[in-house]
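> Have a look at this one before I ask anything.
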Amino acid sequence: MNPETRKPPQDAVTVRRLRLGIGAVGIALPIVLVVGHLVVTRRLTLLDSLSGYYHTGMRDIFVGALCAIGVFLISYRYRWPDDALSTVAGALAIAVALFPTTVGAPAGTTSGTDRTVGVVHQVAAAALFLLLAVFCLFLFTRPDRAGVPPSRSANRVYRACGLLILVAIGLALASTTLPADVRHTLKPVLWCETVAVFAFGAAWVAKSDALFRSADLPEGTPAGGASGPAATPAAPAPS
């Protein structure tokens with residue numbers, strides 16, 4: 001008789017959907033902003049940063065997506081310190097949305113207050129990306145609550161995504177030393193932000209997929225895939 005496949009617990013379903021929602025919105029955001037701006041303006045124009053789309057017809061999409069990511073992160077509950085760090089990251093995502101950058105604003109329209117708000121935006125965005133890298137490098141790579149570690153291939157994905165985020169942040173900061181005309185032509189901040197957002201989204205989507213792997217294993221089969229009388233049952237807890 002074939003072993004029966006266990007139905008994932010409702011808590012696992014909820015956590016998986018939150019992870020998938022966070023990742024999906026993150027991956028879609030750069031694409032929707034660029035394509036949407038193309039549709040609105042009827043020409044392909046890349047801005048200097050993703051945040052610069054706040055000052056275009058894509059403002060509502062930019063703010064809405066970041067607020068959605070923020071709510072997802074605040075609602076995310078798994079274990080300590082994931083819960084605390086995700087809540088902080090969610091608050092930072094909402095701050096990035098509600099405190100707009102001055103980059104891309106029409107010339108002569110920014111005041112001293114706007115520039116201060118822009119600094120808040122930059123600090124919140126940098127802190128958010130750093131926290132997302134922490135998730136990839138240190139939290140996603142830990143064993144789950146039942147002590148079952150992620151697979152080696154999954155850990156490689158998480159670490160690669162975390163390193164991509166850190167490298168992208170470093171390159172974006174370094175690019176500020178380039179001449180203004182070079183930055184406007186090459187748009188390094190836009191590309192670095194896009195890579196970081198894609199890496200963040202990919203890691204959360206991968207983690208959502210990994211969540212059900214042990215739960216989908218037949219009874220009597222451990223997470224490593226071995227089976228037999230001496231096998232330890234796979235843990236139903238999320239990974």
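Residues in the structure tokens are numbered from 1 in each chain, the chains being A, B, ... in the order shown, and ligands are numbered from 1 in the order shown.
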If you run DSSP on this backbone, which residues of stretch 17-78 of chain A come out as helix (DSSP H, G or I), and could you give them as number ranges by chain?
A: 17-41, 51-55, 59-75
> Return the single residue from A:Arg59, A:Ala168, A:Val157, A:Tyr54 that is closest to A:Thr194, with distances computed using only C-alpha atoms.
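Residue with the minimum atom-to-atom distance to A:Thr194: A:Ala168.
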> Using only C-alpha atoms, which of the listed residues (A:Arg79, A:Gly162, A:Ala28, A:Ala202) sits closest to A:Pro143?
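Checking each candidate against A:Pro143, we get A:Arg79 as the closest.
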> Just how far from atom CA of A:Ala97 is atom CA of A:Cys67, in Å to one decimal?
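So the two atoms, atom CA of A:Cys67 and atom CA of A:Ala97, lie 6.6 Å apart.
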> Give me, please, the distance in Å between atom CA of A:Leu166 and atom CA of A:Phe129, quoted to one decimal.
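Between atom CA of A:Leu166 and atom CA of A:Phe129 the gap is 7.9 Å.
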